[in-house]
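So this block is model-v1.cif, mmCIF, C-alpha atoms and all ligand atoms:
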data_data
#
loop_
_atom_site.label_atom_id
_atom_site.label_comp_id
_atom_site.auth_asym_id
_atom_site.auth_seq_id
_atom_site.Cartn_x
_atom_site.Cartn_y
_atom_site.Cartn_z
CA MET A 1 -3.37 0.63 16.33
CA SER A 2 -1.55 0.22 13.09
CA TYR A 3 -1.77 -3.19 11.52
CA GLN A 4 1.49 -4.81 10.43
CA GLN A 5 1.63 -7.09 7.41
CA PRO A 6 2.71 -10.52 8.63
CA ALA A 7 5.71 -12.06 6.90
CA LEU A 8 4.83 -14.56 4.18
CA PRO A 9 5.07 -18.02 5.80
CA TYR A 10 7.07 -19.35 2.77
CA ALA A 11 9.27 -18.07 -0.03
CA ASP A 12 7.43 -16.30 -2.86
CA ASN A 13 8.24 -19.17 -5.26
CA ALA A 14 7.37 -21.95 -2.78
CA LEU A 15 3.86 -22.51 -4.17
CA GLU A 16 5.04 -23.08 -7.76
CA PRO A 17 3.97 -24.50 -10.13
CA TYR A 18 0.44 -23.91 -8.79
CA ILE A 19 0.89 -20.22 -7.92
CA SER A 20 3.82 -18.39 -9.49
CA ALA A 21 6.33 -16.18 -7.68
CA GLN A 22 5.12 -13.37 -9.92
CA THR A 23 1.54 -13.74 -8.67
CA ILE A 24 2.68 -13.90 -5.04
CA GLY A 25 4.92 -10.88 -5.63
CA PHE A 26 2.02 -8.73 -6.83
CA HIS A 27 -0.58 -10.25 -4.52
CA TYR A 28 1.39 -10.04 -1.27
CA GLY A 29 3.72 -7.19 -2.16
CA LYS A 30 1.21 -4.88 -3.87
CA HIS A 31 -2.45 -5.83 -3.29
CA HIS A 32 -2.22 -6.92 0.35
CA ALA A 33 0.35 -4.26 1.24
CA THR A 34 -1.90 -1.57 -0.23
CA TYR A 35 -4.97 -2.67 1.75
CA ILE A 36 -2.87 -2.43 4.91
CA LYS A 37 -1.41 0.96 4.00
CA ASN A 38 -4.90 2.29 3.22
CA TYR A 39 -6.36 0.81 6.42
CA ASN A 40 -3.64 2.34 8.60
CA GLY A 41 -4.11 5.70 6.89
CA LEU A 42 -7.88 5.61 7.45
CA VAL A 43 -7.79 4.67 11.15
CA GLU A 44 -4.85 6.88 12.14
CA GLY A 45 -6.00 9.59 14.54
CA THR A 46 -9.55 8.17 14.81
CA PRO A 47 -11.14 6.23 17.71
CA PHE A 48 -10.45 3.03 15.70
CA ASP A 49 -6.74 3.62 16.23
CA THR A 50 -6.86 2.05 19.71
CA LYS A 51 -8.76 -1.08 18.60
CA SER A 52 -7.69 -4.39 17.13
CA ILE A 53 -8.35 -4.91 13.43
CA GLU A 54 -10.92 -7.62 14.30
CA GLU A 55 -12.84 -5.13 16.49
CA VAL A 56 -12.73 -2.50 13.75
CA ILE A 57 -13.98 -4.97 11.13
CA SER A 58 -16.85 -5.97 13.37
CA GLU A 59 -17.79 -2.38 14.25
CA THR A 60 -17.72 -1.08 10.66
CA ALA A 61 -19.35 -4.02 8.84
CA ALA A 62 -22.86 -2.57 8.93
CA ASP A 63 -21.93 1.13 8.68
CA PRO A 64 -22.16 2.54 5.14
CA ALA A 65 -20.24 5.62 6.28
CA LYS A 66 -17.25 3.44 7.19
CA VAL A 67 -17.16 1.27 4.09
CA GLY A 68 -13.59 2.30 3.25
CA VAL A 69 -12.33 1.31 6.70
CA PHE A 70 -14.24 -1.96 6.53
CA ASN A 71 -13.13 -2.88 3.00
CA ASN A 72 -9.45 -2.21 3.63
CA GLY A 73 -9.46 -3.70 7.14
CA ALA A 74 -11.31 -6.85 6.11
CA GLN A 75 -9.10 -7.31 3.04
CA ALA A 76 -6.01 -6.84 5.24
CA TRP A 77 -7.26 -9.52 7.65
CA ASN A 78 -8.59 -11.91 4.96
CA HIS A 79 -5.26 -11.92 3.13
CA SER A 80 -3.22 -12.54 6.28
CA PHE A 81 -5.49 -15.54 6.86
CA TYR A 82 -5.20 -16.62 3.23
CA TRP A 83 -1.37 -16.86 3.22
CA ASN A 84 -1.64 -19.29 6.11
CA SER A 85 -4.38 -21.27 4.39
CA LEU A 86 -1.81 -22.38 1.78
CA THR A 87 1.42 -24.32 2.19
CA PRO A 88 3.91 -26.04 -0.10
CA ASN A 89 3.15 -29.77 -0.29
CA GLY A 90 -0.33 -29.21 1.13
CA GLY A 91 -3.74 -30.19 -0.20
CA GLY A 92 -5.06 -33.70 -0.51
CA GLU A 93 -6.43 -35.51 2.50
CA PRO A 94 -7.24 -33.57 5.67
CA THR A 95 -5.08 -34.42 8.67
CA GLY A 96 -5.71 -34.27 12.40
CA GLU A 97 -9.00 -34.28 14.26
CA ILE A 98 -10.72 -32.19 11.58
CA ALA A 99 -10.51 -35.11 9.12
CA ALA A 100 -13.23 -37.11 10.90
CA LYS A 101 -15.30 -33.96 11.40
CA ILE A 102 -15.21 -33.29 7.63
CA VAL A 103 -16.56 -36.76 6.94
CA ALA A 104 -19.20 -36.34 9.67
CA ASP A 105 -20.44 -32.94 8.47
CA PHE A 106 -20.02 -33.18 4.66
CA GLY A 107 -20.51 -36.92 4.17
CA SER A 108 -17.04 -37.45 2.67
CA VAL A 109 -13.84 -35.58 1.88
CA ASP A 110 -14.81 -35.65 -1.80
CA LYS A 111 -18.12 -34.00 -0.98
CA PHE A 112 -16.27 -31.25 0.91
CA ARG A 113 -13.95 -30.72 -2.08
CA GLU A 114 -16.95 -30.43 -4.40
CA GLU A 115 -18.62 -27.88 -2.12
CA LEU A 116 -15.47 -25.77 -1.88
CA LYS A 117 -14.89 -25.91 -5.65
CA ASN A 118 -18.50 -25.00 -6.27
CA ALA A 119 -18.48 -22.08 -3.82
CA ALA A 120 -15.27 -20.72 -5.35
CA ALA A 121 -16.52 -21.14 -8.92
CA THR A 122 -19.94 -19.61 -8.31
CA GLN A 123 -18.88 -16.56 -6.30
CA PHE A 124 -19.89 -14.02 -8.94
CA GLY A 125 -17.19 -11.39 -9.36
CA SER A 126 -14.67 -10.91 -6.57
CA GLY A 127 -14.69 -12.59 -3.20
CA TRP A 128 -13.70 -15.57 -1.12
CA ALA A 129 -14.61 -19.21 -0.43
CA TRP A 130 -14.22 -20.44 3.16
CA LEU A 131 -14.32 -23.49 5.37
CA VAL A 132 -15.87 -22.28 8.63
CA LEU A 133 -17.09 -23.65 11.93
CA ASP A 134 -20.64 -22.41 12.48
CA ASN A 135 -22.28 -23.34 15.78
CA GLY A 136 -20.29 -26.55 15.99
CA THR A 137 -20.82 -27.57 12.35
CA LEU A 138 -18.34 -27.32 9.49
CA LYS A 139 -19.69 -25.42 6.50
CA VAL A 140 -18.45 -24.06 3.19
CA VAL A 141 -19.49 -20.47 2.61
CA LYS A 142 -18.65 -17.79 0.07
CA THR A 143 -18.40 -14.04 0.62
CA GLY A 144 -18.37 -11.15 -1.86
CA ASN A 145 -15.60 -8.55 -2.20
CA ALA A 146 -14.12 -7.89 1.27
CA GLN A 147 -16.86 -9.64 3.25
CA THR A 148 -15.63 -12.05 5.89
CA PRO A 149 -17.27 -14.78 8.01
CA LEU A 150 -15.89 -12.97 11.08
CA THR A 151 -18.94 -10.70 10.99
CA SER A 152 -21.41 -13.61 10.78
CA GLY A 153 -20.37 -15.28 14.03
CA GLN A 154 -18.57 -18.02 12.10
CA THR A 155 -14.98 -19.10 12.77
CA PRO A 156 -12.86 -19.19 9.60
CA LEU A 157 -10.72 -22.35 9.30
CA LEU A 158 -9.39 -22.00 5.69
CA CYS A 159 -9.99 -19.60 2.82
CA VAL A 160 -9.48 -19.35 -0.91
CA ASP A 161 -9.14 -15.94 -2.57
CA VAL A 162 -11.14 -15.85 -5.81
CA TRP A 163 -10.41 -12.25 -6.76
CA GLU A 164 -8.91 -12.29 -10.26
CA HIS A 165 -5.62 -10.87 -8.93
CA ALA A 166 -5.14 -14.19 -7.06
CA TYR A 167 -4.89 -16.25 -10.25
CA TYR A 168 -5.12 -14.22 -13.46
CA LEU A 169 -1.39 -14.15 -14.32
CA ASP A 170 -1.22 -17.95 -14.01
CA TYR A 171 -4.69 -19.16 -15.03
CA GLN A 172 -6.36 -16.19 -16.82
CA ASN A 173 -10.11 -16.99 -16.84
CA ARG A 174 -9.71 -20.56 -15.58
CA ARG A 175 -10.70 -19.97 -11.96
CA PRO A 176 -11.93 -23.57 -11.45
CA ASP A 177 -8.51 -24.95 -12.50
CA HIS A 178 -6.80 -22.63 -10.02
CA VAL A 179 -9.11 -23.70 -7.19
CA ALA A 180 -8.68 -27.39 -8.05
CA ALA A 181 -4.87 -26.96 -7.87
CA LEU A 182 -5.16 -25.34 -4.45
CA ILE A 183 -7.40 -28.09 -3.13
CA ASP A 184 -5.16 -30.86 -4.49
CA HIS A 185 -1.74 -29.35 -3.68
CA LEU A 186 -1.74 -26.31 -1.39
CA LEU A 187 -4.46 -26.28 1.30
CA ASN A 188 -2.85 -26.09 4.74
CA TRP A 189 -4.64 -28.78 6.73
CA LYS A 190 -2.46 -28.22 9.79
CA PHE A 191 -3.62 -24.58 9.90
CA ALA A 192 -7.26 -25.65 9.45
CA ASN A 193 -6.96 -28.29 12.15
CA ASP A 194 -5.27 -25.87 14.58
CA ASN A 195 -8.08 -23.35 13.99
CA TYR A 196 -10.67 -26.09 14.47
CA LEU A 197 -9.14 -27.30 17.74
CA ALA A 198 -8.98 -23.73 19.08
CA ALA A 199 -12.63 -23.06 18.21
CA LYS A 200 -14.50 -26.28 18.94
MN MN3 B 301 -6.38 -11.09 -2.93
#

Is it possible to express this structure as structure tokens?
Ligand code: MN3
Amino acid sequence: MSYQQPALPYADNALEPYISAQTIGFHYGKHHATYIKNYNGLVEGTPFDTKSIEEVISETAADPAKVGVFNNGAQAWNHSFYWNSLTPNGGGEPTGEIAAKIVADFGSVDKFREELKNAAATQFGSGWAWLVLDNGTLKVVKTGNAQTPLTSGQTPLLCVDVWEHAYYLDYQNRRPDHVAALIDHLLNWKFANDNYLAAK
């Protein structure tokens, strides 16, 4: 079935000064929209057309012949998740039940922040950094290109896009500064906590 791009959960300038309206305009309006257009074009008229995007991602992840479907489908899904991982006036201290779980599994909130910053900074080339629930334990993981924790049996709770298109207009080569700004000001802890409560 065709996949519809979800509406942005905030105005395109709502994440300023940390992410500019120009970046959101290209990222949501061009990059994400193109992944979705390509995905819909590739699945149209195929057996994938009757399946959810999550099923298609899972079924194509290990199939080299379907790499185009996987890459565009996973990037469509990852970005929809990413817009919800950010919110104006977010960041800072975790809220809700996940806050105690972060301390329990990482040792402290600061330790979690360091792990997320490190994963985002050390993902060589394009990819993503994630907070996931893996067999009952919170973990930070990174994935390359379109790869997603969905195919590793992990439940994504939050993600950070570290493709250059996510930050280059605003930060150029300073990826760590971009990630620090997200962690301090934009991470959507309500979204993470809701995902945690649904999965635990
Ligand atoms: Mn992106």

TODO: Within 9 Å of A:Glu164, counting all atoms listed in the file, which residues show up once you throw out same-chain ones fewer than 6 positions away? Write them as a PyMOL selection string, please.
DONE: chain A and resi 125-126+172-173+175

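Closest approach to A:Ile53 among A:Tyr10, A:Tyr3, A:Phe81, A:Trp130 is made by A:Tyr3 (distances from only C-alpha atoms).
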
TODO: Name the residues, by chain letter and number, that sit within 12 Å of ligand MN3 301 (chain B) using all atoms listed in the file, and give them as a ChimeraX atom specification.
DONE: /A:23-35,72,74-83,126-129,145-146,159-168

TODO: List the neighbours of stretch 104-108 of chain A out to 8 Å using all atoms listed in the file; skip same-chain residues closer than 5 positions along the sequence, and give me the result as a list in words.
DONE: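 These residues fall inside the cut-off: Thr137, Leu138 and Lys139 of chain A.
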
Open item on the list: Please determine, counting only C-alpha atoms, which residue among A:Lys190, A:Lys37, A:His185, A:His178 has the shortest atom-to-atom distance to A:Leu158.
Closed with: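 Among the listed residues, A:Lys190 lies closest to A:Leu158.
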
Task: A:Thr95, A:Asn195, A:Asn89, A:Gln123 ranked by distance to A:Gln154, top pick (using all atoms listed in the file) - done: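 That would be A:Asn195, the residue with the smallest distance to A:Gln154.
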
Open item on the list: Please determine, counting all atoms listed in the file, which residue among A:Gln4, A:Leu150, A:Asp177, A:Asp12 has the shortest atom-to-atom distance to A:Glu54.
Closed with: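 Checking each candidate against A:Glu54, we get A:Leu150 as the closest.
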
- [ ] Find the residues around A:Thr60 up to 10 Å (all atoms listed in the file counted), leave out those fewer than 3 positions away in its own chain, and share them as a ChimeraX atom specification.
- [x] /A:48,55-57,63-71,73-74,151

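Here the question is which of A:Leu169, A:Pro176, A:Pro6, A:Gly153 gets nearest to A:Thr122 using only C-alpha atoms, and that residue is A:Pro176.
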
Task: Nearest-residue call for A:Ile102, choices A:Ser52, A:Leu186, A:Asp170, A:Leu131, using all atoms listed in the file - done: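 Checking each of A:Ser52, A:Leu186, A:Asp170, A:Leu131 against A:Ile102, counting all atoms listed in the file, the winner is A:Leu131.
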
Open item on the list: What's the separation between atom CA of A:Gln147 and atom CA of A:Ala61, in Å to one decimal place?
Closed with: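 About the pair atom CA of A:Gln147 and atom CA of A:Ala61: they are 8.3 Å apart.
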
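You will find atom CA of A:Lys117 at 22.4 Å from atom CA of A:Asp194.
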
Task: Spatial neighbours of A:Leu187, 9 Å, all atoms listed in the file, chain gap at least 3 places, as a list of chain:residue names - done: A:Asn84, A:Ser85, A:Leu86, A:Thr87, A:Pro88, A:Asn89, A:Gly90, A:Gly91, A:Gly92, A:Pro94, A:Leu158, A:Cys159, A:Val160, A:Leu182, A:Ile183, A:Asp184, A:Lys190, A:Phe191, A:Ala192

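In this model, the gap between atom CA of A:Pro156 and atom CA of A:Ala199 comes to 9.4 Å.
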
Task: Test item: residues at most 12 Å from A:Gly45, all atoms listed in the file, excluding those fewer than 5 positions along its chain, as a list of chain:residue names - done: A:Met1, A:Ser2, A:Tyr39, A:Asn40, A:Thr50, A:Lys51

File output for stretch 125-139 of chain A (all heavy atoms) as a JSON list (two decimals), in the first residue's frame:
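Just written: result14.json:
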[["chain", "number", "residue", "atom", "x", "y", "z"],
["A", 125, "GLY", "N", 30.50, 8.22, 7.90],
["A", 125, "GLY", "CA", 29.64, 8.46, 6.76],
["A", 125, "GLY", "C", 28.21, 8.68, 7.22],
["A", 125, "GLY", "O", 27.96, 9.24, 8.28],
["A", 126, "SER", "N", 27.25, 8.24, 6.41],
["A", 126, "SER", "CA", 25.85, 8.53, 6.68],
["A", 126, "SER", "C", 25.22, 7.47, 7.59],
["A", 126, "SER", "O", 25.63, 6.32, 7.59],
["A", 126, "SER", "CB", 25.07, 8.56, 5.36],
["A", 126, "SER", "OG", 25.54, 9.62, 4.56],
["A", 127, "GLY", "N", 24.21, 7.89, 8.33],
["A", 127, "GLY", "CA", 23.51, 6.92, 9.16],
["A", 127, "GLY", "C", 22.73, 7.57, 10.27],
["A", 127, "GLY", "O", 22.32, 8.74, 10.16],
["A", 128, "TRP", "N", 22.55, 6.83, 11.34],
["A", 128, "TRP", "CA", 21.63, 7.20, 12.41],
["A", 128, "TRP", "C", 22.19, 6.77, 13.77],
["A", 128, "TRP", "O", 22.89, 5.75, 13.85],
["A", 128, "TRP", "CB", 20.29, 6.48, 12.21],
["A", 128, "TRP", "CG", 19.62, 6.80, 10.92],
["A", 128, "TRP", "CD1", 19.90, 6.23, 9.70],
["A", 128, "TRP", "CD2", 18.60, 7.77, 10.69],
["A", 128, "TRP", "NE1", 19.09, 6.80, 8.74],
["A", 128, "TRP", "CE2", 18.28, 7.73, 9.32],
["A", 128, "TRP", "CE3", 17.91, 8.64, 11.53],
["A", 128, "TRP", "CZ2", 17.31, 8.55, 8.75],
["A", 128, "TRP", "CZ3", 16.93, 9.45, 10.96],
["A", 128, "TRP", "CH2", 16.65, 9.41, 9.60],
["A", 129, "ALA", "N", 21.85, 7.51, 14.81],
["A", 129, "ALA", "CA", 22.10, 7.08, 16.20],
["A", 129, "ALA", "C", 20.74, 6.92, 16.87],
["A", 129, "ALA", "O", 19.83, 7.73, 16.62],
["A", 129, "ALA", "CB", 22.96, 8.10, 16.93],
["A", 130, "TRP", "N", 20.61, 5.90, 17.71],
["A", 130, "TRP", "CA", 19.29, 5.52, 18.24],
["A", 130, "TRP", "C", 19.36, 5.22, 19.74],
["A", 130, "TRP", "O", 20.35, 4.66, 20.22],
["A", 130, "TRP", "CB", 18.80, 4.22, 17.59],
["A", 130, "TRP", "CG", 18.74, 4.21, 16.10],
["A", 130, "TRP", "CD1", 19.80, 4.01, 15.24],
["A", 130, "TRP", "CD2", 17.57, 4.38, 15.28],
["A", 130, "TRP", "NE1", 19.34, 4.06, 13.93],
["A", 130, "TRP", "CE2", 18.00, 4.27, 13.94],
["A", 130, "TRP", "CE3", 16.23, 4.61, 15.58],
["A", 130, "TRP", "CZ2", 17.11, 4.40, 12.87],
["A", 130, "TRP", "CZ3", 15.34, 4.72, 14.51],
["A", 130, "TRP", "CH2", 15.78, 4.62, 13.17],
["A", 131, "LEU", "N", 18.30, 5.52, 20.43],
["A", 131, "LEU", "CA", 18.03, 4.92, 21.74],
["A", 131, "LEU", "C", 17.00, 3.82, 21.47],
["A", 131, "LEU", "O", 15.95, 4.09, 20.87],
["A", 131, "LEU", "CB", 17.46, 5.96, 22.71],
["A", 131, "LEU", "CG", 16.96, 5.42, 24.06],
["A", 131, "LEU", "CD1", 18.12, 4.82, 24.89],
["A", 131, "LEU", "CD2", 16.25, 6.51, 24.86],
["A", 132, "VAL", "N", 17.34, 2.60, 21.89],
["A", 132, "VAL", "CA", 16.44, 1.46, 21.63],
["A", 132, "VAL", "C", 16.19, 0.69, 22.92],
["A", 132, "VAL", "O", 16.97, 0.78, 23.89],
["A", 132, "VAL", "CB", 17.03, 0.48, 20.57],
["A", 132, "VAL", "CG1", 17.28, 1.19, 19.25],
["A", 132, "VAL", "CG2", 18.29, -0.22, 21.09],
["A", 133, "LEU", "N", 15.14, -0.09, 22.91],
["A", 133, "LEU", "CA", 14.91, -1.08, 23.95],
["A", 133, "LEU", "C", 15.22, -2.44, 23.33],
["A", 133, "LEU", "O", 14.63, -2.82, 22.32],
["A", 133, "LEU", "CB", 13.46, -1.04, 24.44],
["A", 133, "LEU", "CG", 13.15, -1.88, 25.68],
["A", 133, "LEU", "CD1", 13.91, -1.36, 26.91],
["A", 133, "LEU", "CD2", 11.65, -1.92, 25.97],
["A", 134, "ASP", "N", 16.19, -3.14, 23.93],
["A", 134, "ASP", "CA", 16.66, -4.41, 23.39],
["A", 134, "ASP", "C", 16.53, -5.47, 24.48],
["A", 134, "ASP", "O", 17.30, -5.47, 25.44],
["A", 134, "ASP", "CB", 18.12, -4.25, 22.94],
["A", 134, "ASP", "CG", 18.66, -5.50, 22.26],
["A", 134, "ASP", "OD1", 17.89, -6.46, 22.04],
["A", 134, "ASP", "OD2", 19.87, -5.52, 21.94],
["A", 135, "ASN", "N", 15.56, -6.36, 24.33],
["A", 135, "ASN", "CA", 15.35, -7.39, 25.35],
["A", 135, "ASN", "C", 15.24, -6.81, 26.75],
["A", 135, "ASN", "O", 15.85, -7.34, 27.69],
["A", 135, "ASN", "CB", 16.49, -8.42, 25.31],
["A", 135, "ASN", "CG", 16.21, -9.52, 24.31],
["A", 135, "ASN", "OD1", 15.06, -9.93, 24.13],
["A", 135, "ASN", "ND2", 17.26, -9.97, 23.64],
["A", 136, "GLY", "N", 14.49, -5.73, 26.88],
["A", 136, "GLY", "CA", 14.25, -5.16, 28.21],
["A", 136, "GLY", "C", 15.31, -4.20, 28.70],
["A", 136, "GLY", "O", 15.17, -3.64, 29.78],
["A", 137, "THR", "N", 16.37, -3.99, 27.90],
["A", 137, "THR", "CA", 17.45, -3.09, 28.31],
["A", 137, "THR", "C", 17.57, -1.93, 27.33],
["A", 137, "THR", "O", 17.54, -2.13, 26.12],
["A", 137, "THR", "CB", 18.80, -3.84, 28.36],
["A", 137, "THR", "OG1", 18.66, -4.95, 29.25],
["A", 137, "THR", "CG2", 19.93, -2.94, 28.84],
["A", 138, "LEU", "N", 17.71, -0.71, 27.86],
["A", 138, "LEU", "CA", 17.96, 0.45, 27.01],
["A", 138, "LEU", "C", 19.39, 0.40, 26.49],
["A", 138, "LEU", "O", 20.32, 0.12, 27.25],
["A", 138, "LEU", "CB", 17.76, 1.75, 27.80],
["A", 138, "LEU", "CG", 16.36, 2.06, 28.31],
["A", 138, "LEU", "CD1", 16.38, 3.40, 29.05],
["A", 138, "LEU", "CD2", 15.35, 2.09, 27.18],
["A", 139, "LYS", "N", 19.54, 0.70, 25.20],
["A", 139, "LYS", "CA", 20.87, 0.74, 24.61],
["A", 139, "LYS", "C", 20.94, 1.88, 23.61],
["A", 139, "LYS", "O", 19.91, 2.27, 23.04],
["A", 139, "LYS", "CB", 21.17, -0.56, 23.84],
["A", 139, "LYS", "CG", 21.34, -1.78, 24.72],
["A", 139, "LYS", "CD", 21.64, -3.01, 23.88],
["A", 139, "LYS", "CE", 21.75, -4.24, 24.80],
["A", 139, "LYS", "NZ", 21.79, -5.49, 24.02]]
